[in-house]
$ cat run-v6.cif   # mmCIF, C-alpha atoms and all ligand atoms
data_model
loop_
_atom_site.label_atom_id
_atom_site.label_comp_id
_atom_site.auth_asym_id
_atom_site.auth_seq_id
_atom_site.Cartn_x
_atom_site.Cartn_y
_atom_site.Cartn_z
CA ILE A 1 75.18 116.69 255.85
CA ARG A 2 74.77 118.76 259.01
CA TRP A 3 76.90 118.84 262.16
CA THR A 4 75.67 120.09 265.50
CA GLU A 5 77.59 120.17 268.78
CA GLY A 6 76.55 117.26 270.96
CA ARG A 7 74.89 115.44 268.07
CA GLY A 8 77.65 115.13 265.49
CA TRP A 9 76.99 114.45 261.79
CA HIS A 10 73.37 113.93 260.79
CA ASP A 11 70.69 114.62 258.21
CA ALA A 12 72.49 113.57 254.99
CA GLN A 13 70.37 114.51 251.97
CA LEU A 14 70.58 114.46 248.19
CA THR A 15 68.57 117.45 247.00
CA PRO A 16 68.16 119.42 243.75
CA TYR A 17 70.47 122.42 243.34
CA ALA A 18 68.80 125.46 244.89
CA PRO A 19 69.66 128.73 246.68
CA LEU A 20 70.25 128.68 250.42
CA GLU A 21 68.64 131.04 252.87
CA ILE A 22 71.26 132.71 255.06
CA ASP A 23 70.70 134.64 258.29
CA PRO A 24 72.52 138.01 258.24
CA ALA A 25 74.25 137.01 261.49
CA ASN A 26 75.45 133.65 260.11
CA MET A 27 78.91 133.35 261.67
CA THR A 28 80.63 132.40 258.38
CA LEU A 29 79.76 135.77 256.87
CA HIS A 30 81.61 137.50 259.71
CA TYR A 31 84.45 135.21 260.79
CA GLY A 32 85.06 133.14 257.68
CA GLN A 33 84.92 129.54 258.84
CA ALA A 34 84.66 128.16 255.31
CA ILE A 35 86.73 125.38 253.72
CA PHE A 36 86.46 123.53 250.43
CA GLU A 37 87.89 120.89 248.11
CA GLY A 38 88.04 120.36 244.37
CA LEU A 39 88.08 117.02 242.55
CA LYS A 40 86.79 115.57 239.31
CA ALA A 41 84.86 112.57 238.02
CA TYR A 42 86.26 111.22 234.74
CA ARG A 43 84.62 109.11 232.06
CA GLN A 44 86.78 106.00 231.62
CA ALA A 45 87.95 104.35 228.41
CA ASP A 46 85.31 101.61 228.98
CA GLY A 47 82.48 104.12 229.53
CA SER A 48 82.39 103.76 233.33
CA ILE A 49 83.00 106.70 235.69
CA ALA A 50 85.70 107.14 238.33
CA THR A 51 87.04 109.83 240.62
CA PHE A 52 90.75 110.32 241.24
CA ARG A 53 92.08 109.80 244.80
CA PRO A 54 88.95 111.10 246.60
CA GLU A 55 90.34 109.77 249.90
CA ALA A 56 93.22 112.23 249.55
CA ASN A 57 90.75 115.10 249.15
CA ALA A 58 88.82 113.80 252.18
CA GLU A 59 92.00 113.76 254.28
CA ARG A 60 93.04 117.24 253.17
CA PHE A 61 89.50 118.42 254.00
CA GLN A 62 89.95 117.03 257.53
CA ALA A 63 93.27 118.85 257.86
CA SER A 64 91.64 122.10 256.71
CA ALA A 65 88.81 121.55 259.23
CA ARG A 66 91.30 121.08 262.09
CA ARG A 67 93.11 124.30 261.19
CA LEU A 68 89.84 126.26 261.10
CA ALA A 69 88.53 124.73 264.36
CA MET A 70 85.75 122.95 262.47
CA PRO A 71 84.52 119.34 262.91
CA GLU A 72 86.21 116.64 260.80
CA LEU A 73 83.95 114.80 258.39
CA PRO A 74 84.92 111.09 258.37
CA VAL A 75 86.76 110.08 255.18
CA GLU A 76 84.13 107.41 254.39
CA ALA A 77 81.29 109.96 254.67
CA PHE A 78 83.11 112.34 252.30
CA VAL A 79 83.79 109.60 249.74
CA GLU A 80 80.24 108.24 249.99
CA ALA A 81 78.78 111.71 249.45
CA VAL A 82 80.97 112.10 246.34
CA GLU A 83 79.77 108.70 245.07
CA LEU A 84 76.09 109.51 245.63
CA LEU A 85 76.32 112.83 243.82
CA VAL A 86 78.26 111.42 240.86
CA GLN A 87 75.79 108.52 240.55
CA GLN A 88 72.94 111.03 240.53
CA ASP A 89 74.70 113.28 237.98
CA GLN A 90 76.29 110.57 235.82
CA ALA A 91 74.62 111.86 232.66
CA TRP A 92 76.62 115.07 233.18
CA VAL A 93 80.04 113.39 233.10
CA PRO A 94 81.37 114.33 229.66
CA ASN A 95 82.59 111.74 227.23
CA GLN A 96 85.27 113.91 225.62
CA ALA A 97 89.03 113.87 226.19
CA GLU A 98 90.16 116.23 228.98
CA GLN A 99 86.58 116.98 230.05
CA SER A 100 85.15 115.99 233.41
CA LEU A 101 82.53 116.62 236.08
CA TYR A 102 84.05 119.03 238.60
CA LEU A 103 83.01 118.44 242.21
CA ARG A 104 83.15 121.12 244.87
CA PRO A 105 82.75 119.83 248.45
CA PHE A 106 82.59 122.62 251.03
CA MET A 107 81.68 123.31 254.64
CA PHE A 108 80.73 126.44 256.54
CA ALA A 109 79.31 127.49 259.89
CA THR A 110 75.53 127.72 260.23
CA GLU A 111 75.32 129.13 263.76
CA VAL A 112 73.80 132.58 264.07
CA GLY A 113 75.58 134.97 266.43
CA LEU A 114 78.37 137.51 266.65
CA GLY A 115 80.63 135.96 269.30
CA VAL A 116 84.16 135.31 268.02
CA ARG A 117 84.63 131.57 268.65
CA PRO A 118 84.20 128.33 266.70
CA ALA A 119 80.56 127.90 265.70
CA ASN A 120 78.48 125.11 267.21
CA SER A 121 76.85 124.02 263.93
CA TYR A 122 78.00 123.48 260.34
CA ILE A 123 76.81 122.21 256.98
CA PHE A 124 78.83 120.14 254.51
CA MET A 125 77.68 120.16 250.89
CA ILE A 126 78.89 119.14 247.44
CA ILE A 127 77.92 120.82 244.18
CA ALA A 128 78.94 119.66 240.70
CA SER A 129 79.45 121.19 237.28
CA PRO A 130 80.71 119.81 233.95
CA ALA A 131 84.18 121.19 233.18
CA GLY A 132 85.54 121.66 229.68
CA ALA A 133 89.15 121.23 228.62
CA TYR A 134 91.41 123.81 230.32
CA PHE A 135 93.14 124.47 226.99
CA PRO A 136 90.45 124.01 224.32
CA GLY A 137 92.81 125.21 221.58
CA GLY A 138 95.91 123.21 222.63
CA VAL A 139 98.27 123.63 225.57
CA LYS A 140 99.53 127.19 225.91
CA PRO A 141 102.23 128.27 228.39
CA VAL A 142 101.21 130.82 231.03
CA SER A 143 103.12 133.90 232.11
CA VAL A 144 103.65 134.46 235.84
CA TRP A 145 104.23 137.43 238.13
CA LEU A 146 106.51 136.96 241.17
CA SER A 147 104.58 138.75 243.90
CA GLU A 148 106.82 140.72 246.23
CA ASP A 149 104.16 143.11 247.58
CA TYR A 150 101.76 140.48 248.86
CA VAL A 151 102.18 137.28 250.84
CA ARG A 152 99.80 134.33 250.59
CA ALA A 153 100.82 132.46 253.71
CA ALA A 154 103.09 132.79 256.71
CA PRO A 155 104.46 130.13 259.07
CA GLY A 156 101.73 129.19 261.53
CA GLY A 157 99.05 130.66 259.25
CA THR A 158 96.45 128.91 257.10
CA GLY A 159 98.56 128.40 253.95
CA ALA A 160 98.35 124.60 254.04
CA ALA A 161 94.56 124.67 254.54
CA LYS A 162 92.08 125.04 251.71
CA CYS A 163 90.05 127.81 253.33
CA ALA A 164 88.08 130.57 251.63
CA GLY A 165 90.09 133.36 253.28
CA ASN A 166 93.32 132.31 251.53
CA TYR A 167 91.65 132.93 248.19
CA ALA A 168 90.06 136.22 249.32
CA ALA A 169 93.52 137.48 250.31
CA SER A 170 95.01 136.40 246.97
CA LEU A 171 92.64 138.30 244.67
CA VAL A 172 94.42 141.64 244.88
CA ALA A 173 97.71 139.98 243.91
CA GLN A 174 96.02 138.19 241.01
CA ALA A 175 94.73 141.60 239.86
CA GLU A 176 98.26 143.00 240.18
CA ALA A 177 99.61 140.14 238.06
CA ALA A 178 96.96 140.83 235.42
CA ALA A 179 97.86 144.55 235.45
CA LYS A 180 101.48 143.54 234.75
CA GLY A 181 100.32 141.49 231.79
CA CYS A 182 100.71 138.10 233.51
CA ASP A 183 98.26 135.20 233.72
CA GLN A 184 99.08 133.98 237.24
CA VAL A 185 100.75 134.94 240.52
CA VAL A 186 103.70 133.00 241.91
CA TRP A 187 103.78 133.24 245.70
CA LEU A 188 107.04 133.57 247.58
CA ASP A 189 107.78 132.89 251.25
CA ALA A 190 106.70 135.49 253.81
CA ALA A 191 110.03 136.03 255.58
CA GLU A 192 112.53 136.55 252.77
CA HIS A 193 110.43 136.86 249.59
CA LYS A 194 112.97 134.53 248.09
CA TRP A 195 111.69 130.96 248.14
CA VAL A 196 109.17 129.84 245.54
CA GLU A 197 106.01 128.40 247.11
CA GLU A 198 103.17 127.91 244.63
CA MET A 199 100.83 129.57 242.15
CA GLY A 200 97.28 130.86 242.64
CA GLY A 201 95.61 127.47 242.40
CA MET A 202 98.46 125.17 241.38
CA ASN A 203 101.73 123.78 242.68
CA LEU A 204 104.98 124.31 240.79
CA TYR A 205 107.54 121.92 239.30
CA PHE A 206 110.98 122.60 237.83
CA VAL A 207 112.72 120.22 235.42
CA VAL A 208 116.46 120.23 236.09
CA GLY A 209 118.56 118.65 233.34
CA GLU A 210 117.35 116.96 230.20
CA GLY A 211 116.20 113.61 228.86
CA GLU A 212 116.67 110.57 231.04
CA ASN A 213 119.00 112.50 233.36
CA ALA A 214 116.29 114.98 234.27
CA THR A 215 115.16 115.52 237.86
CA VAL A 216 111.79 117.04 238.61
CA VAL A 217 111.95 119.39 241.57
CA THR A 218 109.00 120.79 243.51
CA PRO A 219 109.07 123.16 246.49
CA GLU A 220 108.94 121.24 249.76
CA LEU A 221 105.77 121.37 251.90
CA SER A 222 106.75 124.29 254.10
CA GLY A 223 103.39 124.57 255.86
CA ALA A 224 102.73 127.68 253.79
CA LEU A 225 101.67 125.98 250.57
CA LEU A 226 98.77 123.71 249.76
CA PRO A 227 99.73 120.00 249.61
CA GLY A 228 98.30 119.46 246.14
CA ILE A 229 97.08 116.01 245.21
CA THR A 230 98.32 116.48 241.65
CA ARG A 231 101.74 117.51 243.05
CA ASP A 232 101.84 114.36 245.14
CA SER A 233 100.70 112.12 242.27
CA LEU A 234 103.38 113.55 239.98
CA LEU A 235 106.17 112.70 242.42
CA THR A 236 105.12 109.06 241.93
CA LEU A 237 104.34 109.28 238.22
CA ALA A 238 107.69 110.95 237.45
CA GLY A 239 109.37 107.95 239.11
CA ASP A 240 107.27 105.55 237.02
CA LEU A 241 108.52 107.33 233.89
CA GLY A 242 112.13 106.98 235.02
CA TYR A 243 112.82 110.48 236.35
CA ARG A 244 114.28 111.35 239.71
CA SER A 245 112.22 113.69 241.85
CA GLU A 246 113.09 116.00 244.72
CA GLU A 247 111.10 118.04 247.20
CA ARG A 248 113.27 120.90 248.35
CA LYS A 249 113.53 124.65 248.63
CA ILE A 250 114.05 126.50 245.38
CA SER A 251 114.76 130.23 245.25
CA THR A 252 113.91 132.80 242.61
CA ASP A 253 117.69 133.30 242.18
CA GLU A 254 118.21 129.60 241.45
CA TRP A 255 115.33 129.72 238.97
CA LYS A 256 116.71 132.78 237.19
CA GLN A 257 120.28 131.49 237.18
CA GLY A 258 119.28 127.96 236.17
CA ASN A 259 117.24 129.37 233.32
CA ALA A 260 120.15 131.50 232.14
CA ASP A 261 122.69 128.64 232.25
CA GLY A 262 120.29 126.06 230.83
CA THR A 263 120.15 123.72 233.85
CA ILE A 264 116.45 124.44 234.45
CA THR A 265 114.95 123.22 231.21
CA GLU A 266 111.22 123.32 231.90
CA VAL A 267 108.81 124.72 234.48
CA PHE A 268 105.19 123.77 234.90
CA ALA A 269 102.30 124.17 237.31
CA CYS A 270 99.89 121.41 238.30
CA GLY A 271 96.47 121.08 239.88
CA THR A 272 93.11 119.40 239.52
CA ALA A 273 91.68 122.15 237.29
CA ALA A 274 94.55 122.65 234.86
CA VAL A 275 96.20 119.20 235.17
CA ILE A 276 99.63 120.44 234.00
CA THR A 277 100.25 123.90 232.62
CA PRO A 278 103.63 124.94 231.22
CA VAL A 279 105.10 128.19 232.53
CA GLY A 280 106.52 130.19 229.62
CA HIS A 281 107.45 133.58 230.99
CA VAL A 282 108.37 135.13 234.36
CA LYS A 283 108.20 138.75 235.46
CA SER A 284 108.86 140.58 238.72
CA ALA A 285 109.52 144.17 239.73
CA THR A 286 113.21 143.64 238.92
CA ALA A 287 113.39 140.78 236.40
CA ASP A 288 111.81 139.46 233.23
CA TRP A 289 112.77 136.17 231.55
CA THR A 290 111.45 133.54 229.17
CA VAL A 291 111.52 129.99 230.54
CA ALA A 292 113.84 128.02 228.23
CA THR A 293 112.29 128.30 224.75
CA GLY A 294 108.95 129.56 226.10
CA GLU A 295 107.27 126.51 224.53
CA PRO A 296 105.81 123.51 226.38
CA GLY A 297 108.73 121.20 227.27
CA PRO A 298 108.88 117.47 226.43
CA ILE A 299 108.86 116.21 230.04
CA THR A 300 106.01 118.58 230.92
CA MET A 301 103.97 117.17 228.04
CA GLN A 302 104.93 113.56 228.78
CA LEU A 303 103.82 113.90 232.42
CA ARG A 304 100.65 115.66 231.30
CA GLU A 305 99.73 112.86 228.88
CA ALA A 306 100.55 110.18 231.46
CA LEU A 307 98.42 111.79 234.17
CA LEU A 308 95.48 112.34 231.83
CA ALA A 309 95.81 108.73 230.67
CA VAL A 310 95.64 107.38 234.25
CA GLN A 311 92.65 109.61 235.06
CA SER A 312 90.72 108.48 231.98
CA GLY A 313 91.58 104.78 232.29
CA HIS A 314 93.89 104.74 229.25
CA ARG A 315 96.96 103.85 231.32
CA PRO A 316 97.07 101.06 233.93
CA ASP A 317 96.13 102.36 237.37
CA THR A 318 99.09 100.73 239.13
CA HIS A 319 98.75 102.88 242.28
CA ASN A 320 95.00 102.32 242.78
CA TRP A 321 94.27 106.00 242.35
CA LEU A 322 90.95 105.56 240.57
CA HIS A 323 87.80 105.15 242.63
CA LYS A 324 85.19 103.49 240.40
CA ILE A 325 81.70 104.88 240.80
CA VAL A 326 79.51 103.38 238.11
N1 LIG A 401 97.57 125.29 245.43
C1 LIG A 401 96.41 125.95 245.63
C2 LIG A 401 96.45 127.26 246.37
C3 LIG A 401 95.20 125.42 245.15
O1 LIG A 401 94.04 126.08 245.32
C4 LIG A 401 95.23 124.18 244.45
C5 LIG A 401 93.95 123.59 243.91
N2 LIG A 401 93.31 122.80 244.90
C6 LIG A 401 96.46 123.52 244.28
C7 LIG A 401 97.61 124.11 244.78
C8 LIG A 401 96.56 122.19 243.58
O2 LIG A 401 95.97 121.19 244.36
P1 LIG A 401 95.34 119.88 243.70
O3 LIG A 401 96.39 119.25 242.90
O4 LIG A 401 94.93 119.05 244.88
O5 LIG A 401 94.19 120.35 242.87
#
$ encode --input "run-v6.cif" --output "structure tokens" --more "lines below"
Ligand code: PMP
Amino acid sequence: IRWTEGRGWHDAQLTPYAPLEIDPANMTLHYGQAIFEGLKAYRQADGSIATFRPEANAERFQASARRLAMPELPVEAFVEAVELLVQQDQAWVPNQAEQSLYLRPFMFATEVGLGVRPANSYIFMIIASPAGAYFPGGVKPVSVWLSEDYVRAAPGGTGAAKCAGNYAASLVAQAEAAAKGCDQVVWLDAAEHKWVEEMGGMNLYFVVGEGENATVVTPELSGALLPGITRDSLLTLAGDLGYRSEERKISTDEWKQGNADGTITEVFACGTAAVITPVGHVKSATADWTVATGEPGPITMQLREALLAVQSGHRPDTHNWLHKIV
């Protein structure tokens, strides 16, 4: 779907996957007006197909567009485009547990020119690809590196938007984490390098306490972390399962101390791609600790099973999260 100043959204098309031709002076290549989303279509227990909370992705896409001075695609147009593509590609929606059709909506500037200002034309597209299970051999905890050299987002910056530049700026830190033997980066706040924000492509959760007295805690939306749809869904799902939940600040000191004294019993990350991933080990320039036993925790696994069950139609969809497609 194209957008042109004065004309608005027009020219919606469903076309075969093919390369695009790009002018060397396309403004996106120079000034980076590029935003995206990620969601999945799931085969349901009864063989039908549904997406999970596509309206939430559409709304986050609008928020990203506002931050990048781009036009907002109406929620209905976003959801309808998702529906059309999934209907077209329904044969590609896997029928195996934990597999799905990954959908990547995105938008970038199409104007040609070198003036630094919002472009006057854009294109919105969605591409799709079947996605296998994130953990084909069973759930395995990840190790994380607390990044103190690099910052992902600062107050007033683009941290809460899903824009390409955030990911470009994160790659060097991901490489640093890999060089330290870790799977993922954990981002800390820009001012004090003290407050936990999120991971590379996932939000974080801490389980404080055990059993039915457990509280699940996730860093509050500071404006510098992405408001994940999985994060938001888990606040509700944790309540359904009888756990208290809190959104608040949590520091690396609280994490380290809580791990040492046994009050923080589990830590996991969550996002569309990985669903829920246990965090097993933490490293920084000055510290190195194993999270509880280093094994996936019981509440982590319970939430993981419950979320997967809602997404695949094996658990009642009491919050109307599923959007039936065919
Ligand atoms: N944080 C970042 C930086 C991400 O890229 C993602 C993936 N979109 C998330 C968190 C998790 O968001 P969601 O649950 O909506 O996939």
$ residues_around --input "run-v6.cif" --residues "Ile35 in chain A" --least-positions-apart "6" --cutoff "12 Å" --atoms "all atoms listed in the file" --output "JSON, numbers by chain"
{"A": [28, 57, 58, 60, 61, 62, 63, 64, 65, 66, 67, 68, 69, 70, 71, 72, 73, 104, 105, 106, 107, 108, 109, 122, 123, 124, 125, 126, 158, 160, 161, 162, 163, 164, 165, 166, 167]}
$ residues_around --input "run-v6.cif" --residues "range 214-219 of chain A" --least-positions-apart "6" --cutoff "7 Å" --atoms "all atoms listed in the file" --output "PyMOL selection string"
chain A and resi 196-197+204-208+243-250
$ residues_near_ligand --input "run-v6.cif" --ligand "ligand LIG 401 (chain A)" --cutoff "9 Å" --atoms "all atoms listed in the file" --output "count of residues only"
37
$ closest_residue --input "run-v6.cif" --among "A:Asn320, A:Ala128, A:Asp183, A:Trp9" --to "Lys140 in chain A" --atoms "all atoms listed in the file"
A:Asp183
$ closest_residue --input "run-v6.cif" --among "A:Ser284, A:Thr277, A:Thr300, A:Ser121" --to "Thr265 in chain A" --atoms "all atoms listed in the file"
A:Thr300
$ atom_distance --input "run-v6.cif" --atom1 "CA of Gly209 in chain A" --atom2 "CA of Asp240 in chain A"
17.7 Å
$ residues_around --input "run-v6.cif" --residues "Gly294 in chain A" --least-positions-apart "4" --cutoff "10 Å" --atoms "only C-alpha atoms" --output "PyMOL selection string"
chain A and resi 140-143+266-267+278-282+289-290
$ atom_distance --input "run-v6.cif" --atom1 "CA of Ala190 in chain A" --atom2 "CA of Ala154 in chain A"
5.4 Å
$ closest_residue --input "run-v6.cif" --among "A:Phe52, A:Trp321, A:Phe268, A:Phe78" --to "Pro296 in chain A" --atoms "all atoms listed in the file"
A:Phe268
$ closest_residue --input "run-v6.cif" --among "A:Gly6, A:Pro24, A:Gly181, A:Gly297" --to "Gly211 in chain A" --atoms "only C-alpha atoms"
A:Gly297
$ closest_residue --input "run-v6.cif" --among "A:Leu307, A:Val112, A:Leu146, A:Ala97" --to "Ala131 in chain A" --atoms "all atoms listed in the file"
A:Ala97
$ residues_around --input "run-v6.cif" --residues "Trp145 in chain A" --least-positions-apart "5" --cutoff "6 Å" --atoms "all atoms listed in the file" --output "PyMOL selection string"
chain A and resi 177+182+185-186+283-284
$ atom_distance --input "run-v6.cif" --atom1 "CA of His10 in chain A" --atom2 "CA of Val75 in chain A"
15.0 Å
$ closest_residue --input "run-v6.cif" --among "A:Asp89, A:Asp149, A:Asp23, A:Glu176" --to "Gly113 in chain A" --atoms "all atoms listed in the file"
A:Asp23
$ axis_aligned_box --input "run-v6.cif" --around "range 182-191 of chain A" --padding-each-side "6 Å" --output "JSON"
{"center_x": 104.1, "center_y": 135.5, "center_z": 244.5, "size_x": 23.8, "size_y": 17.2, "size_z": 34.1}
